[in-house]
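Listing of query_3.cif; format and content: mmCIF, C-alpha atoms; chains and numbers go by the auth columns.
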data_input
#
loop_
_atom_site.group_PDB
_atom_site.id
_atom_site.type_symbol
_atom_site.label_atom_id
_atom_site.label_comp_id
_atom_site.label_asym_id
_atom_site.label_seq_id
_atom_site.Cartn_x
_atom_site.Cartn_y
_atom_site.Cartn_z
_atom_site.B_iso_or_equiv
_atom_site.auth_seq_id
_atom_site.auth_asym_id
ATOM 1 C CA MET A 1 0.000 0.000 0.000 0.00 1 O
ATOM 2 C CA LYS A 2 1.311 3.433 -0.947 0.00 2 O
ATOM 3 C CA ILE A 3 0.999 6.339 1.480 0.00 3 O
ATOM 4 C CA ASP A 4 0.457 9.414 -0.651 0.00 4 O
ATOM 5 C CA LYS A 5 1.543 12.475 1.287 0.00 5 O
ATOM 6 C CA LYS A 6 2.397 15.808 -0.227 0.00 6 O
ATOM 7 C CA LEU A 7 6.051 16.605 0.010 0.00 7 O
ATOM 8 C CA ASN A 8 7.019 19.977 1.430 0.00 8 O
ATOM 9 C CA LEU A 9 10.272 21.821 0.897 0.00 9 O
ATOM 10 C CA VAL A 10 12.548 22.580 3.823 0.00 10 O
ATOM 11 C CA SER A 11 15.461 24.853 3.055 0.00 11 O
ATOM 12 C CA HIS A 12 17.679 26.845 5.342 0.00 12 O
ATOM 13 C CA ILE A 13 19.651 30.024 5.736 0.00 13 O
ATOM 14 C CA THR A 14 22.954 29.728 7.563 0.00 14 O
ATOM 15 C CA ARG A 15 23.954 33.036 9.078 0.00 15 O
ATOM 16 C CA ASN A 16 27.470 34.354 9.606 0.00 16 O
ATOM 17 C CA ASP A 17 27.270 33.445 13.311 0.00 17 O
ATOM 18 C CA GLY A 18 26.480 29.813 12.371 0.00 18 O
ATOM 19 C CA SER A 19 22.826 29.978 13.414 0.00 19 O
ATOM 20 C CA ILE A 20 20.279 28.392 11.091 0.00 20 O
ATOM 21 C CA VAL A 21 16.852 29.614 10.054 0.00 21 O
ATOM 22 C CA TYR A 22 14.602 27.101 8.283 0.00 22 O
ATOM 23 C CA LEU A 23 11.973 27.847 5.665 0.00 23 O
ATOM 24 C CA HIS A 24 9.174 25.307 5.319 0.00 24 O
ATOM 25 C CA VAL A 25 7.222 25.590 2.072 0.00 25 O
ATOM 26 C CA THR A 26 3.923 23.862 1.325 0.00 26 O
ATOM 27 C CA PRO A 27 3.019 23.221 -2.334 0.00 27 O
ATOM 28 C CA PHE A 28 0.237 25.177 -4.024 0.00 28 O
ATOM 29 C CA PRO A 29 -3.277 23.912 -3.439 0.00 29 O
ATOM 30 C CA TYR A 30 -5.118 22.734 -6.549 0.00 30 O
ATOM 31 C CA GLU A 31 -7.139 25.962 -6.801 0.00 31 O
ATOM 32 C CA VAL A 32 -3.987 28.090 -7.102 0.00 32 O
ATOM 33 C CA VAL A 33 -2.513 25.741 -9.719 0.00 33 O
ATOM 34 C CA GLU A 34 -5.744 25.909 -11.690 0.00 34 O
ATOM 35 C CA GLU A 35 -5.849 29.717 -11.551 0.00 35 O
ATOM 36 C CA HIS A 36 -2.196 30.114 -12.625 0.00 36 O
ATOM 37 C CA CYS A 37 -1.846 27.004 -14.821 0.00 37 O
ATOM 38 C CA LEU A 38 -0.576 28.860 -17.909 0.00 38 O
ATOM 39 C CA LEU A 39 2.044 30.792 -15.965 0.00 39 O
ATOM 40 C CA LEU A 40 3.194 27.671 -14.121 0.00 40 O
ATOM 41 C CA GLY A 41 3.279 25.569 -17.302 0.00 41 O
ATOM 42 C CA ASN A 42 5.253 28.210 -19.197 0.00 42 O
ATOM 43 C CA LEU A 43 7.733 28.637 -16.366 0.00 43 O
ATOM 44 C CA PHE A 44 8.235 24.875 -16.055 0.00 44 O
ATOM 45 C CA THR A 45 8.878 24.598 -19.806 0.00 45 O
ATOM 46 C CA ASN A 46 11.317 27.520 -19.677 0.00 46 O
ATOM 47 C CA PHE A 47 13.167 25.984 -16.737 0.00 47 O
ATOM 48 C CA ILE A 48 13.880 22.890 -18.803 0.00 48 O
ATOM 49 C CA SER A 49 14.337 24.408 -22.275 0.00 49 O
ATOM 50 C CA GLN A 50 16.190 27.627 -21.467 0.00 50 O
ATOM 51 C CA VAL A 51 18.177 26.920 -18.325 0.00 51 O
ATOM 52 C CA GLY A 52 18.041 23.237 -17.413 0.00 52 O
ATOM 53 C CA GLY A 53 16.864 21.741 -14.147 0.00 53 O
ATOM 54 C CA LEU A 54 19.996 22.326 -12.124 0.00 54 O
ATOM 55 C CA GLY A 55 20.460 25.971 -13.084 0.00 55 O
ATOM 56 C CA ALA A 56 16.740 26.707 -12.880 0.00 56 O
ATOM 57 C CA ALA A 57 16.715 26.156 -9.131 0.00 57 O
ATOM 58 C CA ARG A 58 19.033 29.119 -8.778 0.00 58 O
ATOM 59 C CA VAL A 59 17.320 31.543 -11.173 0.00 59 O
ATOM 60 C CA ALA A 60 13.662 30.471 -10.964 0.00 60 O
ATOM 61 C CA ALA A 61 12.603 33.491 -8.896 0.00 61 O
ATOM 62 C CA MET A 62 14.240 35.877 -11.353 0.00 62 O
ATOM 63 C CA MET A 63 12.471 34.132 -14.233 0.00 63 O
ATOM 64 C CA LEU A 64 9.151 34.410 -12.390 0.00 64 O
ATOM 65 C CA ARG A 65 9.586 38.135 -11.705 0.00 65 O
ATOM 66 C CA LYS A 66 10.473 38.790 -15.370 0.00 66 O
ATOM 67 C CA LYS A 67 7.453 36.805 -16.551 0.00 67 O
ATOM 68 C CA ILE A 68 5.083 38.659 -14.204 0.00 68 O
ATOM 69 C CA LYS A 69 6.529 42.031 -15.267 0.00 69 O
ATOM 70 C CA LYS A 70 6.169 41.149 -18.953 0.00 70 O
ATOM 71 C CA ASP A 71 2.587 39.926 -18.457 0.00 71 O
ATOM 72 C CA LEU A 72 1.671 43.123 -16.585 0.00 72 O
ATOM 73 C CA GLU A 73 3.122 45.237 -19.399 0.00 73 O
ATOM 74 C CA LEU A 74 1.181 43.261 -22.035 0.00 74 O
ATOM 75 C CA THR A 75 -2.131 43.439 -20.196 0.00 75 O
ATOM 76 C CA GLY A 76 -1.719 46.994 -18.959 0.00 76 O
ATOM 77 C CA GLU A 77 -2.755 45.907 -15.489 0.00 77 O
ATOM 78 C CA THR A 78 -1.264 47.485 -12.416 0.00 78 O
ATOM 79 C CA SER A 79 0.591 45.353 -9.965 0.00 79 O
ATOM 80 C CA GLY A 80 -1.645 43.557 -7.507 0.00 80 O
ATOM 81 C CA PRO A 81 -1.756 40.272 -5.632 0.00 81 O
ATOM 82 C CA ASN A 82 -0.109 37.533 -7.697 0.00 82 O
ATOM 83 C CA ILE A 83 1.498 34.129 -7.457 0.00 83 O
ATOM 84 C CA VAL A 84 4.482 35.550 -5.536 0.00 84 O
ATOM 85 C CA ASP A 85 2.066 36.461 -2.747 0.00 85 O
ATOM 86 C CA GLU A 86 0.794 32.857 -2.755 0.00 86 O
ATOM 87 C CA ILE A 87 4.352 31.519 -2.473 0.00 87 O
ATOM 88 C CA GLN A 88 5.091 33.789 0.467 0.00 88 O
ATOM 89 C CA ARG A 89 1.774 32.841 2.105 0.00 89 O
ATOM 90 C CA LEU A 90 2.722 29.146 1.902 0.00 90 O
ATOM 91 C CA THR A 91 6.198 29.752 3.374 0.00 91 O
ATOM 92 C CA ALA A 92 6.770 29.468 7.121 0.00 92 O
ATOM 93 C CA VAL A 93 9.927 30.483 8.956 0.00 93 O
ATOM 94 C CA ILE A 94 11.370 28.450 11.835 0.00 94 O
ATOM 95 C CA TRP A 95 14.084 29.993 13.990 0.00 95 O
ATOM 96 C CA ASN A 96 15.742 29.417 17.321 0.00 96 O
ATOM 97 C CA ASP A 97 14.937 32.060 19.908 0.00 97 O
ATOM 98 C CA GLY A 98 16.961 31.522 23.086 0.00 98 O
ATOM 99 C CA GLY A 99 16.946 27.731 22.771 0.00 99 O
ATOM 100 C CA ASN A 100 13.302 27.480 21.694 0.00 100 O
ATOM 101 C CA TRP A 101 12.363 26.775 18.080 0.00 101 O
ATOM 102 C CA LYS A 102 9.571 29.104 16.975 0.00 102 O
ATOM 103 C CA THR A 103 7.437 29.316 13.858 0.00 103 O
ATOM 104 C CA THR A 104 5.914 32.294 12.098 0.00 104 O
ATOM 105 C CA SER A 105 4.663 33.298 8.675 0.00 105 O
ATOM 106 C CA PHE A 106 7.061 34.616 6.059 0.00 106 O
ATOM 107 C CA ASP A 107 5.437 38.049 6.125 0.00 107 O
ATOM 108 C CA VAL A 108 5.827 38.398 9.900 0.00 108 O
ATOM 109 C CA ALA A 109 9.416 37.090 9.764 0.00 109 O
ATOM 110 C CA ILE A 110 10.363 39.819 7.276 0.00 110 O
ATOM 111 C CA LYS A 111 8.538 42.559 9.188 0.00 111 O
ATOM 112 C CA GLN A 112 10.125 41.545 12.518 0.00 112 O
ATOM 113 C CA GLY A 113 13.615 41.170 11.033 0.00 113 O
ATOM 114 C CA ILE A 114 13.815 37.433 11.763 0.00 114 O
ATOM 115 C CA ILE A 115 15.076 37.105 8.190 0.00 115 O
ATOM 116 C CA THR A 116 16.102 39.813 5.755 0.00 116 O
ATOM 117 C CA TRP A 117 15.233 40.152 2.080 0.00 117 O
ATOM 118 C CA GLU A 118 18.912 39.615 1.298 0.00 118 O
ATOM 119 C CA GLU A 119 18.905 36.298 3.179 0.00 119 O
ATOM 120 C CA PHE A 120 15.678 35.239 1.486 0.00 120 O
ATOM 121 C CA ARG A 121 16.967 36.105 -1.990 0.00 121 O
ATOM 122 C CA ASP A 122 19.725 33.521 -1.494 0.00 122 O
ATOM 123 C CA ILE A 123 17.210 30.645 -1.397 0.00 123 O
ATOM 124 C CA GLU A 124 14.235 32.196 -3.179 0.00 124 O
ATOM 125 C CA GLY A 125 15.066 30.437 -6.463 0.00 125 O
ATOM 126 C CA GLU A 126 14.911 27.023 -4.803 0.00 126 O
ATOM 127 C CA ILE A 127 11.493 27.856 -3.386 0.00 127 O
ATOM 128 C CA VAL A 128 10.058 29.041 -6.721 0.00 128 O
ATOM 129 C CA PHE A 129 11.586 26.031 -8.518 0.00 129 O
ATOM 130 C CA PHE A 130 9.981 23.683 -5.981 0.00 130 O
ATOM 131 C CA MET A 131 6.595 25.404 -6.169 0.00 131 O
ATOM 132 C CA VAL A 132 6.445 25.451 -9.972 0.00 132 O
ATOM 133 C CA THR A 133 7.768 21.953 -10.581 0.00 133 O
ATOM 134 C CA SER A 134 5.687 20.337 -7.832 0.00 134 O
ATOM 135 C CA ALA A 135 2.591 22.012 -9.315 0.00 135 O
ATOM 136 C CA ILE A 136 3.278 20.624 -12.811 0.00 136 O
ATOM 137 C CA GLN A 137 4.924 17.238 -12.231 0.00 137 O
ATOM 138 C CA LYS A 138 3.147 14.023 -11.353 0.00 138 O
ATOM 139 C CA THR A 139 3.341 13.303 -7.630 0.00 139 O
ATOM 140 C CA GLU A 140 5.512 10.188 -7.996 0.00 140 O
ATOM 141 C CA LEU A 141 8.104 12.137 -10.015 0.00 141 O
ATOM 142 C CA ILE A 142 8.639 14.935 -7.507 0.00 142 O
ATOM 143 C CA ALA A 143 11.018 13.120 -5.120 0.00 143 O
ATOM 144 C CA PRO A 144 13.354 11.655 -7.779 0.00 144 O
ATOM 145 C CA THR A 145 13.501 14.780 -9.937 0.00 145 O
ATOM 146 C CA VAL A 146 12.772 17.897 -7.891 0.00 146 O
ATOM 147 C CA GLY A 147 14.194 16.325 -4.728 0.00 147 O
ATOM 148 C CA THR A 148 17.494 15.577 -6.433 0.00 148 O
ATOM 149 C CA VAL A 149 17.932 19.140 -7.682 0.00 149 O
ATOM 150 C CA ILE A 150 16.798 20.716 -4.397 0.00 150 O
ATOM 151 C CA GLY A 151 19.186 18.419 -2.506 0.00 151 O
ATOM 152 C CA MET A 152 22.117 19.803 -4.483 0.00 152 O
ATOM 153 C CA TYR A 153 21.315 23.223 -3.024 0.00 153 O
ATOM 154 C CA GLY A 154 20.986 21.930 0.535 0.00 154 O
ATOM 155 C CA GLY A 155 17.190 21.712 0.652 0.00 155 O
ATOM 156 C CA GLN A 156 15.171 18.610 1.400 0.00 156 O
ATOM 157 C CA LEU A 157 11.707 17.287 0.703 0.00 157 O
ATOM 158 C CA GLU A 158 9.715 16.412 3.820 0.00 158 O
ATOM 159 C CA SER A 159 6.283 14.938 4.416 0.00 159 O
ATOM 160 C CA LEU A 160 6.238 16.656 7.817 0.00 160 O
ATOM 161 C CA SER A 161 4.008 19.666 8.383 0.00 161 O
ATOM 162 C CA VAL A 162 5.679 22.847 9.607 0.00 162 O
ATOM 163 C CA THR A 163 4.682 22.049 13.197 0.00 163 O
ATOM 164 C CA GLU A 164 5.926 18.464 12.950 0.00 164 O
ATOM 165 C CA PHE A 165 9.211 19.676 11.468 0.00 165 O
ATOM 166 C CA ARG A 166 9.650 22.302 14.204 0.00 166 O
ATOM 167 C CA ASP A 167 8.881 19.685 16.850 0.00 167 O
ATOM 168 C CA SER A 168 11.495 17.352 15.332 0.00 168 O
ATOM 169 C CA LEU A 169 14.042 20.136 15.867 0.00 169 O
ATOM 170 C CA LEU A 170 13.000 20.353 19.526 0.00 170 O
ATOM 171 C CA LYS A 171 13.900 16.679 19.954 0.00 171 O
ATOM 172 C CA SER A 172 17.331 16.985 18.394 0.00 172 O
ATOM 173 C CA ASN A 173 20.013 18.895 20.223 0.00 173 O
ATOM 174 C CA PRO A 174 23.299 19.019 18.321 0.00 174 O
ATOM 175 C CA ASP A 175 25.238 19.812 21.505 0.00 175 O
ATOM 176 C CA THR A 176 24.251 16.554 23.176 0.00 176 O
ATOM 177 C CA ASP A 177 23.253 14.267 20.308 0.00 177 O
ATOM 178 C CA THR A 178 26.618 14.252 18.573 0.00 178 O
ATOM 179 C CA GLN A 179 29.725 13.831 20.626 0.00 179 O
ATOM 180 C CA SER A 180 32.837 15.236 19.033 0.00 180 O
ATOM 181 C CA GLN A 181 35.493 12.607 18.666 0.00 181 O
ATOM 182 C CA ASN A 182 39.073 13.557 19.377 0.00 182 O
ATOM 183 C CA ALA A 183 41.309 11.587 17.071 0.00 183 O
ATOM 184 C CA LEU A 184 44.396 10.165 18.703 0.00 184 O
ATOM 185 C CA PRO A 185 47.647 10.781 16.842 0.00 185 O
ATOM 186 C CA GLU A 186 48.825 7.711 14.983 0.00 186 O
ATOM 187 C CA THR A 187 52.352 6.469 15.090 0.00 187 O
ATOM 188 C CA SER A 188 53.858 6.250 11.652 0.00 188 O
ATOM 189 C CA PHE A 189 55.717 3.084 10.738 0.00 189 O
ATOM 190 C CA ILE A 190 57.051 4.505 7.495 0.00 190 O
ATOM 191 C CA PRO A 191 60.821 4.852 7.681 0.00 191 O
ATOM 192 C CA SER A 192 62.043 8.394 7.292 0.00 192 O
#
Any chance you could put this one into structure tokens?
Amino acid sequence: MKIDKKLNLVSHITRNDGSIVYLHVTPFPYEVVEEHCLLLGNLFTNFISQVGGLGAARVAAMMLRKKIKKDLELTGETSGPNIVDEIQRLTAVIWNDGGNWKTTSFDVAIKQGIITWEEFRDIEGEIVFFMVTSAIQKTELIAPTVGTVIGMYGGQLESLSVTEFRDSLLKSNPDTDTQSQNALPETSFIPS
């Protein structure tokens, strides 16, 4: 029997001080995919034909912004809520606050300075790549294709919800779970 769970993206930002902030991204619901199917289909095709899967994960957000700008210019519409807003709405931020892992929405994390736009821009392409490709690909192809590319950038696909993922961080404590091993110097038997 196959358990069919949606896979979520978990990526991270490693700060200069070594601290880690996680971003947990849930795929688009069907209604969003249906509303933006042409945009998503075109982006997916362009990822493969113009850039290739591996490179697309880095530049996907830039490609999305260019496509939205071009579409707005063609239609004469003013900027309003769009698919970027949906991506940000489906992104949660998990950070360590004094030893406690906390969760908040992307919007609140930006407003409160938990993450900066500069930090987000570093992994934004991975998030857009995941969202677009998981919306277009068949479910059984996401892990072997999208997961492989995302893994090369340090992200991972998880079936855990944001709360389950945060709680899994509460159970793991790197300071006590992994003991550092001090290697003993070896005596060389090679004649000098």
Contacts of region 130-147 of chain O at 9 Å or less, counting all atoms listed in the file, minus same-chain residues fewer than 4 places along, as a tab-separated table (two decimals) with C-alpha atoms, in the coordinates of the input?
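Ended up saving to out-v2.tsv:
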chain	number	residue	atom	x	y	z
O	4	ASP	CA	0.46	9.41	-0.65
O	6	LYS	CA	2.40	15.81	-0.23
O	7	LEU	CA	6.05	16.60	0.01
O	8	ASN	CA	7.02	19.98	1.43
O	9	LEU	CA	10.27	21.82	0.90
O	25	VAL	CA	7.22	25.59	2.07
O	26	THR	CA	3.92	23.86	1.32
O	27	PRO	CA	3.02	23.22	-2.33
O	28	PHE	CA	0.24	25.18	-4.02
O	29	PRO	CA	-3.28	23.91	-3.44
O	30	TYR	CA	-5.12	22.73	-6.55
O	33	VAL	CA	-2.51	25.74	-9.72
O	37	CYS	CA	-1.85	27.00	-14.82
O	40	LEU	CA	3.19	27.67	-14.12
O	41	GLY	CA	3.28	25.57	-17.30
O	43	LEU	CA	7.73	28.64	-16.37
O	44	PHE	CA	8.24	24.88	-16.06
O	53	GLY	CA	16.86	21.74	-14.15
O	57	ALA	CA	16.72	26.16	-9.13
O	60	ALA	CA	13.66	30.47	-10.96
O	87	ILE	CA	4.35	31.52	-2.47
O	125	GLY	CA	15.07	30.44	-6.46
O	126	GLU	CA	14.91	27.02	-4.80
O	151	GLY	CA	19.19	18.42	-2.51
O	152	MET	CA	22.12	19.80	-4.48
O	155	GLY	CA	17.19	21.71	0.65
O	156	GLN	CA	15.17	18.61	1.40
O	157	LEU	CA	11.71	17.29	0.70
Kindly provide the residues of region 48-149 of chain O that approach region 160-165 of chain O to within 10 Å, each paired with its closest atom pair and their distance in Å to one decimal, based on all atoms listed in the file, listed by chain and increasing number, as CSV.
residue,atom,partner,partner_atom,distance
O:Thr91,CA,O:Val162,CA,9.3
O:Ala92,CA,O:Val162,CA,7.2
O:Val93,CA,O:Val162,CA,8.8
O:Ile94,CA,O:Val162,CA,8.3
O:Lys102,CA,O:Thr163,CA,9.4
O:Thr103,CA,O:Thr163,CA,7.8
O:Thr104,CA,O:Val162,CA,9.8
Can you work out the spacing between CA of Gln88 (chain O) and CA of Asp107 (chain O) in Å, to one decimal? 7.1 Å
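For the choices O:Tyr153, O:Asn100, O:Trp95, O:Asn82, the atom-to-atom distance to Val32 (chain O) is smallest for O:Asn82 when using only C-alpha atoms.
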Calculate, to one decimal in Å, the centre and edge lengths of the box along x, y and z of the file that holds all listed atoms of region 158-161 of chain O with 6 Å of margin on each side, and present them as JSON.
{"center_x": 6.9, "center_y": 17.3, "center_z": 6.1, "size_x": 17.7, "size_y": 16.7, "size_z": 16.6}
